[in-house]
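Shown next, in structure tokens, is the structure this report addresses.
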Amino acid sequence: MDKLHRCLTKLQGQSGNLIFKTGLSFALKILSAIVAFAFNLVVARQLSHSDAGLFFLGLSLVVMLATFTRVGMDQAVTRFVAERIPDHNWTSIRRCYRLCMILGLITSGISSVILFFTSGILSTRVFTPELQPVLKVISFATIPVALCTLHARLFQGLRQMVGLQLYQNLGPTLLYLSTVAVLWFLGFDTSKLNLSVWVLSLSYFASLVIAAMHWRSSSEREFQTIDATLEGTKPVIEKCAPSDVTETVNSGSDAELQEAIEIDMRYLIATSLPLWGITVVAMMDRWFGQLVVGAWCDIADVATFNVALRLAMLISIVVMSVNSISFPTFASLHRQNRTDELRRNALIASWLTLAMGLPLALFVVAFPEWLLGFFGAEFQDGTTVLRVLAIGQIANVASGSVGGLLVMTGHQKASLKISIGTAIGMITLTLILVPWLGILGAGIASALSVSSQMILCVALVRQKLGFWPIGF
């Protein structure tokens, strides 16, 4: 592996490094996908069809709420860390970590308390009364879900793929499956919905503790390396130029932030808010359909649609694998004004996602009934919706990392406008089609939203950066 890495880096520089690290990230994503498949399978098999619907609905609400509470810090911290790594500005990186953890803890804590006390109203007036006990238990998992994702994004900025995949989803899922297996071996009744919800919540809290310890050890190791490198030299303090801050935070506007030597809370929030809209819209694309299905259709349909959606999302693991390493690479190359390499890496990213994602998408389109059969005969009613969702993911894998390319080069506001437009269309279609077609209507709305957003982002890259991110 080391020889292959050196060979690729020597031949193509950043491009070879991108290919190598994408391969590593893809391998980790495959492991994560296998574990996620096992998670869905265990939940669908050990719980009744209705209980599985309640479980997935409660989890969807918590994930959506955690996305809101991160106020867009996900991609902001990835970009901030990636830009400072070449300068070895670890002091600012650690300060960014402290600030995003404080802000994330406050917002997620308030949100979890609100969800706890409003669980009765949400359950009886919007969904179903049987959901209330689930929400009361899982509401406090909003805190670790939000903070684990922030840890994952910080590790992404460091280009540490293990940390990214572990705390984004792999760690909590592995802990859940391991705990359920141990409880089953000890003779506990793992078919109880309340037990499964408690195990999932505690798994997220345990993952957060591990993530915090991992970051602490990584930061101490980096500080020791920098101290050894700079010993006997005069320390250099990075100073953000007003133009850099303006371009980064308020691209396309007249507003400017005060010039600062290191990151502060104002800078973090101002950088994150434009990205918050993009993150929230992406979250709505994924989860809004499930909420409408939960409110309009039978609760068992929520389980069927959720399983179909999660299977279709496995196609996008190739995009997420490429994004894991390409995002910090885009930010670093753009900061250094290396436009030719930026274009080359964008093209490589699109070809990697297409080459790895298209065969997987075609497989899902060809054999949806066989895949759903793993979860039980009652889930095979989602065959058509799974095929529709998979077709929508083809546009996603064909366009590469266009969304991240825009964000990492400072064009987040233009990208946000596209995201809002497609989200409005998706919400409208979902509200129209679900009462008419059921879960198939939610699938059609989601597929059309993903396809149109990717096409518009490709055109926007051509307009803003001067090159097509797909092609040769």
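Numbering starts fresh at 1 for the residues of each chain in the structure tokens, the chains themselves are lettered A, B, ... in the order given, and ligands are numbered from 1 as they appear.
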
Do you have, as CSV, the list of residues of stretch 364-419 of chain A lying at most 9 Å from stretch 287-311 of chain A, each with its nearest atom pair and that distance in Å to one decimal, counting only C-alpha atoms and ordered by chain then number?
residue,atom,partner,partner_atom,distance
A:Val364,CA,A:Leu311,CA,8.3
A:Pro368,CA,A:Ala308,CA,8.8
A:Leu371,CA,A:Leu311,CA,8.3
A:Leu372,CA,A:Ala308,CA,7.5
A:Phe375,CA,A:Val307,CA,8.3
A:Glu378,CA,A:Thr304,CA,8.0
A:Phe379,CA,A:Thr304,CA,5.3
A:Gln380,CA,A:Thr304,CA,8.0
A:Asp381,CA,A:Thr304,CA,7.4
A:Gly382,CA,A:Thr304,CA,6.0
A:Thr383,CA,A:Ala308,CA,7.8
A:Val385,CA,A:Ala308,CA,7.0
A:Leu386,CA,A:Ala308,CA,5.0
A:Arg387,CA,A:Ala308,CA,8.7
A:Leu389,CA,A:Leu309,CA,6.9
A:Ala390,CA,A:Leu311,CA,8.5

Next, the residues of the selection above should be written as a CSV table (one decimal), in the first residue's frame with all heavy atoms.
chain,number,residue,atom,x,y,z
A,364,VAL,N,-29.3,-2.4,-8.0
A,364,VAL,CA,-30.5,-2.1,-7.2
A,364,VAL,C,-31.7,-2.0,-8.1
A,364,VAL,O,-32.8,-2.5,-7.8
A,364,VAL,CB,-30.3,-0.9,-6.4
A,364,VAL,CG1,-31.5,-0.5,-5.6
A,364,VAL,CG2,-29.1,-1.0,-5.4
A,368,PRO,N,-34.6,-5.2,-7.0
A,368,PRO,CA,-35.1,-4.5,-5.8
A,368,PRO,C,-35.9,-5.5,-4.9
A,368,PRO,O,-35.8,-5.5,-3.7
A,368,PRO,CB,-36.0,-3.4,-6.3
A,368,PRO,CG,-36.4,-3.9,-7.7
A,368,PRO,CD,-35.3,-4.7,-8.2
A,371,LEU,N,-33.5,-7.7,-2.8
A,371,LEU,CA,-32.9,-7.0,-1.7
A,371,LEU,C,-33.9,-6.8,-0.6
A,371,LEU,O,-33.5,-7.0,0.6
A,371,LEU,CB,-32.4,-5.6,-2.2
A,371,LEU,CG,-31.2,-5.7,-3.2
A,371,LEU,CD1,-30.9,-4.3,-3.8
A,371,LEU,CD2,-29.9,-6.2,-2.4
A,372,LEU,N,-35.1,-6.4,-0.9
A,372,LEU,CA,-36.1,-6.1,0.1
A,372,LEU,C,-36.5,-7.4,0.8
A,372,LEU,O,-37.0,-7.4,2.0
A,372,LEU,CB,-37.3,-5.4,-0.4
A,372,LEU,CG,-37.1,-4.0,-0.9
A,372,LEU,CD1,-38.3,-3.5,-1.7
A,372,LEU,CD2,-36.9,-3.1,0.4
A,375,PHE,N,-35.4,-8.4,4.4
A,375,PHE,CA,-36.0,-7.8,5.6
A,375,PHE,C,-37.4,-8.4,5.9
A,375,PHE,O,-37.9,-8.1,7.0
A,375,PHE,CB,-36.2,-6.2,5.3
A,375,PHE,CG,-34.9,-5.5,5.1
A,375,PHE,CD1,-34.4,-5.4,3.8
A,375,PHE,CD2,-34.1,-5.0,6.1
A,375,PHE,CE1,-33.2,-4.8,3.6
A,375,PHE,CE2,-32.9,-4.4,5.9
A,375,PHE,CZ,-32.4,-4.3,4.6
A,378,GLU,N,-43.1,-8.7,4.0
A,378,GLU,CA,-44.0,-7.5,4.1
A,378,GLU,C,-43.3,-6.2,3.5
A,378,GLU,O,-43.9,-5.3,3.2
A,378,GLU,CB,-44.4,-7.2,5.5
A,378,GLU,CG,-43.3,-7.0,6.5
A,378,GLU,CD,-42.8,-8.2,7.1
A,378,GLU,OE1,-42.9,-9.3,6.6
A,378,GLU,OE2,-42.1,-8.1,8.2
A,379,PHE,N,-41.9,-6.3,3.4
A,379,PHE,CA,-41.2,-5.1,2.9
A,379,PHE,C,-41.1,-5.1,1.4
A,379,PHE,O,-40.7,-4.1,0.8
A,379,PHE,CB,-39.7,-5.1,3.5
A,379,PHE,CG,-39.7,-4.7,4.9
A,379,PHE,CD1,-39.8,-5.7,5.9
A,379,PHE,CD2,-39.5,-3.4,5.3
A,379,PHE,CE1,-39.7,-5.3,7.3
A,379,PHE,CE2,-39.5,-3.0,6.6
A,379,PHE,CZ,-39.6,-4.0,7.6
A,380,GLN,N,-41.5,-6.2,0.8
A,380,GLN,CA,-41.4,-6.3,-0.7
A,380,GLN,C,-42.4,-5.4,-1.4
A,380,GLN,O,-42.4,-5.2,-2.6
A,380,GLN,CB,-41.5,-7.7,-1.2
A,380,GLN,CG,-40.3,-8.6,-0.8
A,380,GLN,CD,-40.4,-10.0,-1.2
A,380,GLN,OE1,-41.5,-10.5,-1.3
A,380,GLN,NE2,-39.3,-10.6,-1.5
A,381,ASP,N,-43.4,-4.8,-0.6
A,381,ASP,CA,-44.3,-3.8,-1.2
A,381,ASP,C,-43.5,-2.6,-1.7
A,381,ASP,O,-44.1,-1.8,-2.5
A,381,ASP,CB,-45.4,-3.4,-0.2
A,381,ASP,CG,-46.3,-4.6,0.1
A,381,ASP,OD1,-46.4,-5.5,-0.7
A,381,ASP,OD2,-46.9,-4.6,1.2
A,382,GLY,N,-42.3,-2.4,-1.2
A,382,GLY,CA,-41.5,-1.2,-1.6
A,382,GLY,C,-40.7,-1.4,-2.8
A,382,GLY,O,-39.7,-0.6,-3.0
A,383,THR,N,-40.9,-2.4,-3.6
A,383,THR,CA,-40.1,-2.7,-4.8
A,383,THR,C,-40.0,-1.5,-5.8
A,383,THR,O,-39.0,-1.1,-6.2
A,383,THR,CB,-40.6,-4.0,-5.5
A,383,THR,OG1,-40.5,-5.1,-4.6
A,383,THR,CG2,-39.8,-4.2,-6.7
A,385,VAL,N,-40.8,1.7,-5.3
A,385,VAL,CA,-40.3,2.9,-4.7
A,385,VAL,C,-38.8,2.8,-4.6
A,385,VAL,O,-38.0,3.8,-4.9
A,385,VAL,CB,-40.9,3.2,-3.4
A,385,VAL,CG1,-40.5,2.2,-2.3
A,385,VAL,CG2,-40.5,4.6,-2.9
A,386,LEU,N,-38.2,1.6,-4.3
A,386,LEU,CA,-36.8,1.4,-4.3
A,386,LEU,C,-36.2,1.6,-5.7
A,386,LEU,O,-35.1,2.2,-5.8
A,386,LEU,CB,-36.5,0.0,-3.8
A,386,LEU,CG,-35.0,-0.4,-3.8
A,386,LEU,CD1,-34.1,0.6,-3.0
A,386,LEU,CD2,-34.8,-1.8,-3.2
A,387,ARG,N,-36.8,1.1,-6.7
A,387,ARG,CA,-36.3,1.3,-8.1
A,387,ARG,C,-36.3,2.7,-8.5
A,387,ARG,O,-35.3,3.2,-9.1
A,387,ARG,CB,-37.2,0.4,-9.0
A,387,ARG,CG,-36.7,0.5,-10.5
A,387,ARG,CD,-37.5,-0.4,-11.4
A,387,ARG,NE,-37.1,-1.8,-11.2
A,387,ARG,CZ,-38.0,-2.8,-10.8
A,387,ARG,NH1,-39.2,-2.5,-10.5
A,387,ARG,NH2,-37.6,-4.0,-10.7
A,389,LEU,N,-36.1,5.4,-6.4
A,389,LEU,CA,-35.1,6.0,-5.6
A,389,LEU,C,-33.7,5.7,-6.2
A,389,LEU,O,-32.8,6.6,-6.2
A,389,LEU,CB,-35.1,5.6,-4.1
A,389,LEU,CG,-36.4,6.1,-3.3
A,389,LEU,CD1,-36.5,5.4,-2.0
A,389,LEU,CD2,-36.3,7.6,-3.1
A,390,ALA,N,-33.5,4.5,-6.6
A,390,ALA,CA,-32.2,4.1,-7.2
A,390,ALA,C,-31.9,4.9,-8.5
A,390,ALA,O,-30.8,5.3,-8.7
A,390,ALA,CB,-32.1,2.6,-7.4

As a PDB file with N, CA, C and O atoms, in the first residue's frame, please: the residues near A:Leu158 (cut-off 10 Å, only C-alpha atoms, same-chain neighbours under 4 positions excluded).
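Wrote it out as result.pdb, contents follow:
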ATOM      1  N   THR A  78     -14.896  21.512   8.493  1.00  0.00           N
ATOM      2  CA  THR A  78     -14.057  20.761   7.554  1.00  0.00           C
ATOM      3  C   THR A  78     -13.212  21.712   6.719  1.00  0.00           C
ATOM      4  O   THR A  78     -11.996  21.515   6.562  1.00  0.00           O
ATOM      5  N   ARG A  79     -13.844  22.746   6.200  1.00  0.00           N
ATOM      6  CA  ARG A  79     -13.118  23.719   5.386  1.00  0.00           C
ATOM      7  C   ARG A  79     -12.080  24.474   6.218  1.00  0.00           C
ATOM      8  O   ARG A  79     -10.948  24.682   5.771  1.00  0.00           O
ATOM      9  N   VAL A  81     -10.495  23.591   9.015  1.00  0.00           N
ATOM     10  CA  VAL A  81      -9.353  22.750   9.385  1.00  0.00           C
ATOM     11  C   VAL A  81      -8.484  22.462   8.175  1.00  0.00           C
ATOM     12  O   VAL A  81      -7.246  22.540   8.242  1.00  0.00           O
ATOM     13  N   ALA A  82      -9.105  22.119   7.022  1.00  0.00           N
ATOM     14  CA  ALA A  82      -8.337  21.783   5.820  1.00  0.00           C
ATOM     15  C   ALA A  82      -7.485  22.954   5.350  1.00  0.00           C
ATOM     16  O   ALA A  82      -6.366  22.764   4.858  1.00  0.00           O
ATOM     17  N   GLU A  83      -7.996  24.178   5.483  1.00  0.00           N
ATOM     18  CA  GLU A  83      -7.239  25.348   5.052  1.00  0.00           C
ATOM     19  C   GLU A  83      -6.062  25.656   5.965  1.00  0.00           C
ATOM     20  O   GLU A  83      -5.065  26.234   5.524  1.00  0.00           O
ATOM     21  N   ARG A  84      -6.131  25.277   7.240  1.00  0.00           N
ATOM     22  CA  ARG A  84      -5.065  25.601   8.176  1.00  0.00           C
ATOM     23  C   ARG A  84      -4.030  24.501   8.359  1.00  0.00           C
ATOM     24  O   ARG A  84      -2.963  24.741   8.912  1.00  0.00           O
ATOM     25  N   ILE A  85      -4.346  23.307   7.889  1.00  0.00           N
ATOM     26  CA  ILE A  85      -3.394  22.202   8.021  1.00  0.00           C
ATOM     27  C   ILE A  85      -2.082  22.494   7.296  1.00  0.00           C
ATOM     28  O   ILE A  85      -1.003  22.254   7.839  1.00  0.00           O
ATOM     29  N   ILE A  93      -7.022  25.577  15.072  1.00  0.00           N
ATOM     30  CA  ILE A  93      -7.853  24.386  14.883  1.00  0.00           C
ATOM     31  C   ILE A  93      -8.436  23.922  16.218  1.00  0.00           C
ATOM     32  O   ILE A  93      -9.624  23.594  16.317  1.00  0.00           O
ATOM     33  N   ALA A 152     -16.757  13.946  13.470  1.00  0.00           N
ATOM     34  CA  ALA A 152     -16.450  13.307  12.188  1.00  0.00           C
ATOM     35  C   ALA A 152     -15.976  14.329  11.167  1.00  0.00           C
ATOM     36  O   ALA A 152     -15.005  14.096  10.426  1.00  0.00           O
ATOM     37  N   ARG A 153     -16.628  15.492  11.106  1.00  0.00           N
ATOM     38  CA  ARG A 153     -16.250  16.522  10.143  1.00  0.00           C
ATOM     39  C   ARG A 153     -14.896  17.143  10.473  1.00  0.00           C
ATOM     40  O   ARG A 153     -14.152  17.549   9.573  1.00  0.00           O
ATOM     41  N   LEU A 154     -14.577  17.244  11.750  1.00  0.00           N
ATOM     42  CA  LEU A 154     -13.262  17.748  12.141  1.00  0.00           C
ATOM     43  C   LEU A 154     -12.171  16.777  11.690  1.00  0.00           C
ATOM     44  O   LEU A 154     -11.128  17.188  11.171  1.00  0.00           O
ATOM     45  N   GLY A 163     -11.404   8.310  11.515  1.00  0.00           N
ATOM     46  CA  GLY A 163     -12.191   9.138  12.423  1.00  0.00           C
ATOM     47  C   GLY A 163     -13.484   9.612  11.785  1.00  0.00           C
ATOM     48  O   GLY A 163     -14.536   9.647  12.434  1.00  0.00           O
ATOM     49  N   LEU A 164     -13.422   9.978  10.498  1.00  0.00           N
ATOM     50  CA  LEU A 164     -14.622  10.433   9.802  1.00  0.00           C
ATOM     51  C   LEU A 164     -15.695   9.351   9.774  1.00  0.00           C
ATOM     52  O   LEU A 164     -16.841   9.577  10.175  1.00  0.00           O
ATOM     53  N   SER A 218      -5.280  13.059  19.348  1.00  0.00           N
ATOM     54  CA  SER A 218      -4.784  13.544  18.066  1.00  0.00           C
ATOM     55  C   SER A 218      -4.224  14.953  18.185  1.00  0.00           C
ATOM     56  O   SER A 218      -3.162  15.267  17.634  1.00  0.00           O
ATOM     57  N   ILE A 325     -12.443  12.754   1.027  1.00  0.00           N
ATOM     58  CA  ILE A 325     -11.086  13.244   0.801  1.00  0.00           C
ATOM     59  C   ILE A 325     -11.054  14.417  -0.156  1.00  0.00           C
ATOM     60  O   ILE A 325     -10.164  15.274  -0.085  1.00  0.00           O
ATOM     61  N   PRO A 328     -11.622  18.422   1.614  1.00  0.00           N
ATOM     62  CA  PRO A 328     -10.434  19.157   2.087  1.00  0.00           C
ATOM     63  C   PRO A 328      -9.424  19.426   0.980  1.00  0.00           C
ATOM     64  O   PRO A 328      -8.724  20.442   1.010  1.00  0.00           O
TER      65      PRO A 328
END

Quick one, how far is atom CA of A:Leu47 from atom CA of A:Ser139?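 Separation of atom CA of A:Leu47 and atom CA of A:Ser139: 20.2 Å.
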
Residue nearest A:Val162 - candidates A:Ala211, A:Ala398, A:Leu65, A:Ala44, atoms counted: only C-alpha atoms: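 Nearest to A:Val162: A:Ala211.
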
Would you mind reading off the distance between atom CA of A:Pro469 and atom CA of A:Thr329, one decimal, in Å? 14.8 Å

Quick one, how far is atom CA of A:Val134 from atom CA of A:Leu193?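 It comes out at 8.0 Å.
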
Can you work out which one of A:Val407, A:Leu166, A:Ala331, A:Ala141 has the shortest atom-to-atom distance to A:Phe205, counting only C-alpha atoms?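 Among A:Val407, A:Leu166, A:Ala331, A:Ala141, it is A:Ala141 that comes nearest to A:Phe205.
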
Minimum-distance residue to A:Pro359, chosen among A:Leu170, A:Val450, A:Val77, A:Ile391 (using only C-alpha atoms):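 Result for the nearest residue to A:Pro359: A:Ile391.
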
Using only C-alpha atoms, which residues sit within 12 Å of A:Val197 once same-chain residues fewer than 4 positions away are excluded, as a PyMOL selection string? chain A and resi 43+47+51-52+54-59+62+131+133-141+176+179-180+190-193+201-204

What would the file look like if the residues just selected were written as a compact mmCIF listing (two decimals), in the first residue's frame with C-alpha atoms?
# COMPACT_ATOMS: atom_id res chain seq x y z
CA VAL A 43 -34.17 -3.76 13.44
CA LEU A 47 -39.10 -5.79 15.86
CA ASP A 51 -42.53 -1.21 15.88
CA ALA A 52 -39.82 -0.94 13.23
CA LEU A 54 -41.89 3.70 15.12
CA PHE A 55 -38.17 3.07 15.66
CA PHE A 56 -37.15 4.50 12.28
CA LEU A 57 -39.55 7.44 12.61
CA GLY A 58 -38.12 8.39 16.00
CA LEU A 59 -34.57 8.08 14.67
CA VAL A 62 -33.69 13.00 16.04
CA LEU A 131 -44.64 7.19 19.10
CA PRO A 133 -42.60 6.65 24.49
CA VAL A 134 -40.02 6.37 21.72
CA LEU A 135 -39.56 10.14 21.50
CA LYS A 136 -39.21 10.54 25.27
CA VAL A 137 -36.28 8.11 25.31
CA ILE A 138 -34.57 9.02 22.07
CA SER A 139 -34.96 12.81 22.43
CA PHE A 140 -31.76 13.19 24.48
CA ALA A 141 -29.81 11.31 21.80
CA TYR A 176 -25.80 -0.94 18.88
CA THR A 179 -24.99 -4.60 22.54
CA VAL A 180 -28.08 -6.22 21.02
CA THR A 190 -34.54 -7.92 22.19
CA SER A 191 -37.86 -7.72 20.35
CA LYS A 192 -39.05 -5.00 22.74
CA LEU A 193 -39.18 -1.58 21.12
CA SER A 201 -29.42 6.21 22.55
CA LEU A 202 -26.70 4.89 24.85
CA SER A 203 -24.65 3.78 21.83
CA TYR A 204 -24.54 7.36 20.57

Let's see if you can do this: from backbone DSSP, list all alpha helix (DSSP H) residues in stretch 85-157 of chain A, as a ChimeraX atom specification. /A:90-125,132-138,142-157

Find the spatial neighbours of A:Arg70, counting only C-alpha atoms, within a cut-off of 9 Å - ignore same-chain residues fewer than 2 positions away - and output them as a ChimeraX atom specification. /A:65-68,72-74,100,103-104,107-108,146-147,149-150,272,276

Output of the above residues as a PDB file, in the first residue's frame, restricted to N, CA, C and O atoms:
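Output (out-v8.pdb):
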ATOM      1  N   LEU A  65     -33.415  16.842  13.766  1.00  0.00           N
ATOM      2  CA  LEU A  65     -33.233  17.857  14.796  1.00  0.00           C
ATOM      3  C   LEU A  65     -31.757  18.132  15.038  1.00  0.00           C
ATOM      4  O   LEU A  65     -31.339  19.290  15.207  1.00  0.00           O
ATOM      5  N   ALA A  66     -30.939  17.068  15.046  1.00  0.00           N
ATOM      6  CA  ALA A  66     -29.499  17.242  15.228  1.00  0.00           C
ATOM      7  C   ALA A  66     -28.890  18.031  14.080  1.00  0.00           C
ATOM      8  O   ALA A  66     -27.945  18.803  14.284  1.00  0.00           O
ATOM      9  N   THR A  67     -29.417  17.852  12.876  1.00  0.00           N
ATOM     10  CA  THR A  67     -28.928  18.624  11.725  1.00  0.00           C
ATOM     11  C   THR A  67     -29.221  20.104  11.907  1.00  0.00           C
ATOM     12  O   THR A  67     -28.377  20.958  11.624  1.00  0.00           O
ATOM     13  N   PHE A  68     -30.411  20.437  12.386  1.00  0.00           N
ATOM     14  CA  PHE A  68     -30.752  21.832  12.655  1.00  0.00           C
ATOM     15  C   PHE A  68     -29.828  22.433  13.711  1.00  0.00           C
ATOM     16  O   PHE A  68     -29.379  23.572  13.589  1.00  0.00           O
ATOM     17  N   GLY A  72     -25.056  24.427  10.534  1.00  0.00           N
ATOM     18  CA  GLY A  72     -24.164  24.496   9.381  1.00  0.00           C
ATOM     19  C   GLY A  72     -22.695  24.340   9.680  1.00  0.00           C
ATOM     20  O   GLY A  72     -21.851  24.544   8.796  1.00  0.00           O
ATOM     21  N   MET A  73     -22.345  23.975  10.909  1.00  0.00           N
ATOM     22  CA  MET A  73     -20.923  23.850  11.262  1.00  0.00           C
ATOM     23  C   MET A  73     -20.260  22.645  10.610  1.00  0.00           C
ATOM     24  O   MET A  73     -19.026  22.558  10.593  1.00  0.00           O
ATOM     25  N   ASP A  74     -21.043  21.701  10.088  1.00  0.00           N
ATOM     26  CA  ASP A  74     -20.485  20.473   9.508  1.00  0.00           C
ATOM     27  C   ASP A  74     -19.388  20.778   8.495  1.00  0.00           C
ATOM     28  O   ASP A  74     -18.211  20.435   8.682  1.00  0.00           O
ATOM     29  N   CYS A 100     -16.956  25.050  18.451  1.00  0.00           N
ATOM     30  CA  CYS A 100     -18.050  24.299  17.818  1.00  0.00           C
ATOM     31  C   CYS A 100     -18.663  23.298  18.797  1.00  0.00           C
ATOM     32  O   CYS A 100     -19.871  23.043  18.742  1.00  0.00           O
ATOM     33  N   LEU A 103     -20.958  25.509  21.140  1.00  0.00           N
ATOM     34  CA  LEU A 103     -22.168  25.916  20.435  1.00  0.00           C
ATOM     35  C   LEU A 103     -23.070  24.716  20.147  1.00  0.00           C
ATOM     36  O   LEU A 103     -24.293  24.782  20.319  1.00  0.00           O
ATOM     37  N   GLY A 104     -22.468  23.609  19.724  1.00  0.00           N
ATOM     38  CA  GLY A 104     -23.254  22.416  19.438  1.00  0.00           C
ATOM     39  C   GLY A 104     -23.930  21.846  20.673  1.00  0.00           C
ATOM     40  O   GLY A 104     -25.075  21.382  20.614  1.00  0.00           O
ATOM     41  N   THR A 107     -27.007  24.251  21.594  1.00  0.00           N
ATOM     42  CA  THR A 107     -28.157  24.153  20.685  1.00  0.00           C
ATOM     43  C   THR A 107     -28.810  22.769  20.729  1.00  0.00           C
ATOM     44  O   THR A 107     -30.034  22.650  20.746  1.00  0.00           O
ATOM     45  N   SER A 108     -27.985  21.717  20.755  1.00  0.00           N
ATOM     46  CA  SER A 108     -28.561  20.361  20.789  1.00  0.00           C
ATOM     47  C   SER A 108     -29.219  20.069  22.132  1.00  0.00           C
ATOM     48  O   SER A 108     -30.232  19.363  22.200  1.00  0.00           O
ATOM     49  N   ALA A 146     -25.572  15.050  17.244  1.00  0.00           N
ATOM     50  CA  ALA A 146     -25.032  16.303  16.711  1.00  0.00           C
ATOM     51  C   ALA A 146     -23.525  16.396  16.928  1.00  0.00           C
ATOM     52  O   ALA A 146     -22.766  16.728  16.006  1.00  0.00           O
ATOM     53  N   LEU A 147     -23.058  16.089  18.133  1.00  0.00           N
ATOM     54  CA  LEU A 147     -21.642  16.263  18.450  1.00  0.00           C
ATOM     55  C   LEU A 147     -20.766  15.189  17.801  1.00  0.00           C
ATOM     56  O   LEU A 147     -19.617  15.461  17.449  1.00  0.00           O
ATOM     57  N   THR A 149     -21.301  13.912  14.851  1.00  0.00           N
ATOM     58  CA  THR A 149     -21.143  14.343  13.461  1.00  0.00           C
ATOM     59  C   THR A 149     -20.114  15.460  13.350  1.00  0.00           C
ATOM     60  O   THR A 149     -19.310  15.480  12.409  1.00  0.00           O
ATOM     61  N   LEU A 150     -20.101  16.382  14.305  1.00  0.00           N
ATOM     62  CA  LEU A 150     -19.098  17.449  14.294  1.00  0.00           C
ATOM     63  C   LEU A 150     -17.692  16.879  14.459  1.00  0.00           C
ATOM     64  O   LEU A 150     -16.751  17.331  13.800  1.00  0.00           O
ATOM     65  N   SER A 272     -20.788  29.560   9.249  1.00  0.00           N
ATOM     66  CA  SER A 272     -21.637  28.374   9.240  1.00  0.00           C
ATOM     67  C   SER A 272     -23.040  28.642   8.713  1.00  0.00           C
ATOM     68  O   SER A 272     -23.647  27.758   8.094  1.00  0.00           O
ATOM     69  N   TRP A 276     -25.512  26.291   6.690  1.00  0.00           N
ATOM     70  CA  TRP A 276     -26.623  25.700   7.420  1.00  0.00           C
ATOM     71  C   TRP A 276     -27.807  25.474   6.487  1.00  0.00           C
ATOM     72  O   TRP A 276     -28.460  24.431   6.534  1.00  0.00           O
TER      73      TRP A 276
END

Given the choices A:Ala212, A:Ala270, A:Phe39, A:Ile317, which gets closest to A:Leu200 if the distance is worked out from only C-alpha atoms?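 Once distances to A:Leu200 are computed over only C-alpha atoms, the minimum belongs to A:Phe39.
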
Would you pick out the contacts of stretch 452-458 of chain A at 9 Å or less, using only C-alpha atoms, so that residues sharing its chain but fewer than 4 positions from it are not included, and give the list as a PyMOL selection string? chain A and resi 395-396+398-400+402-403+406+415+418-419+421-423+447-448+462-463+468-470
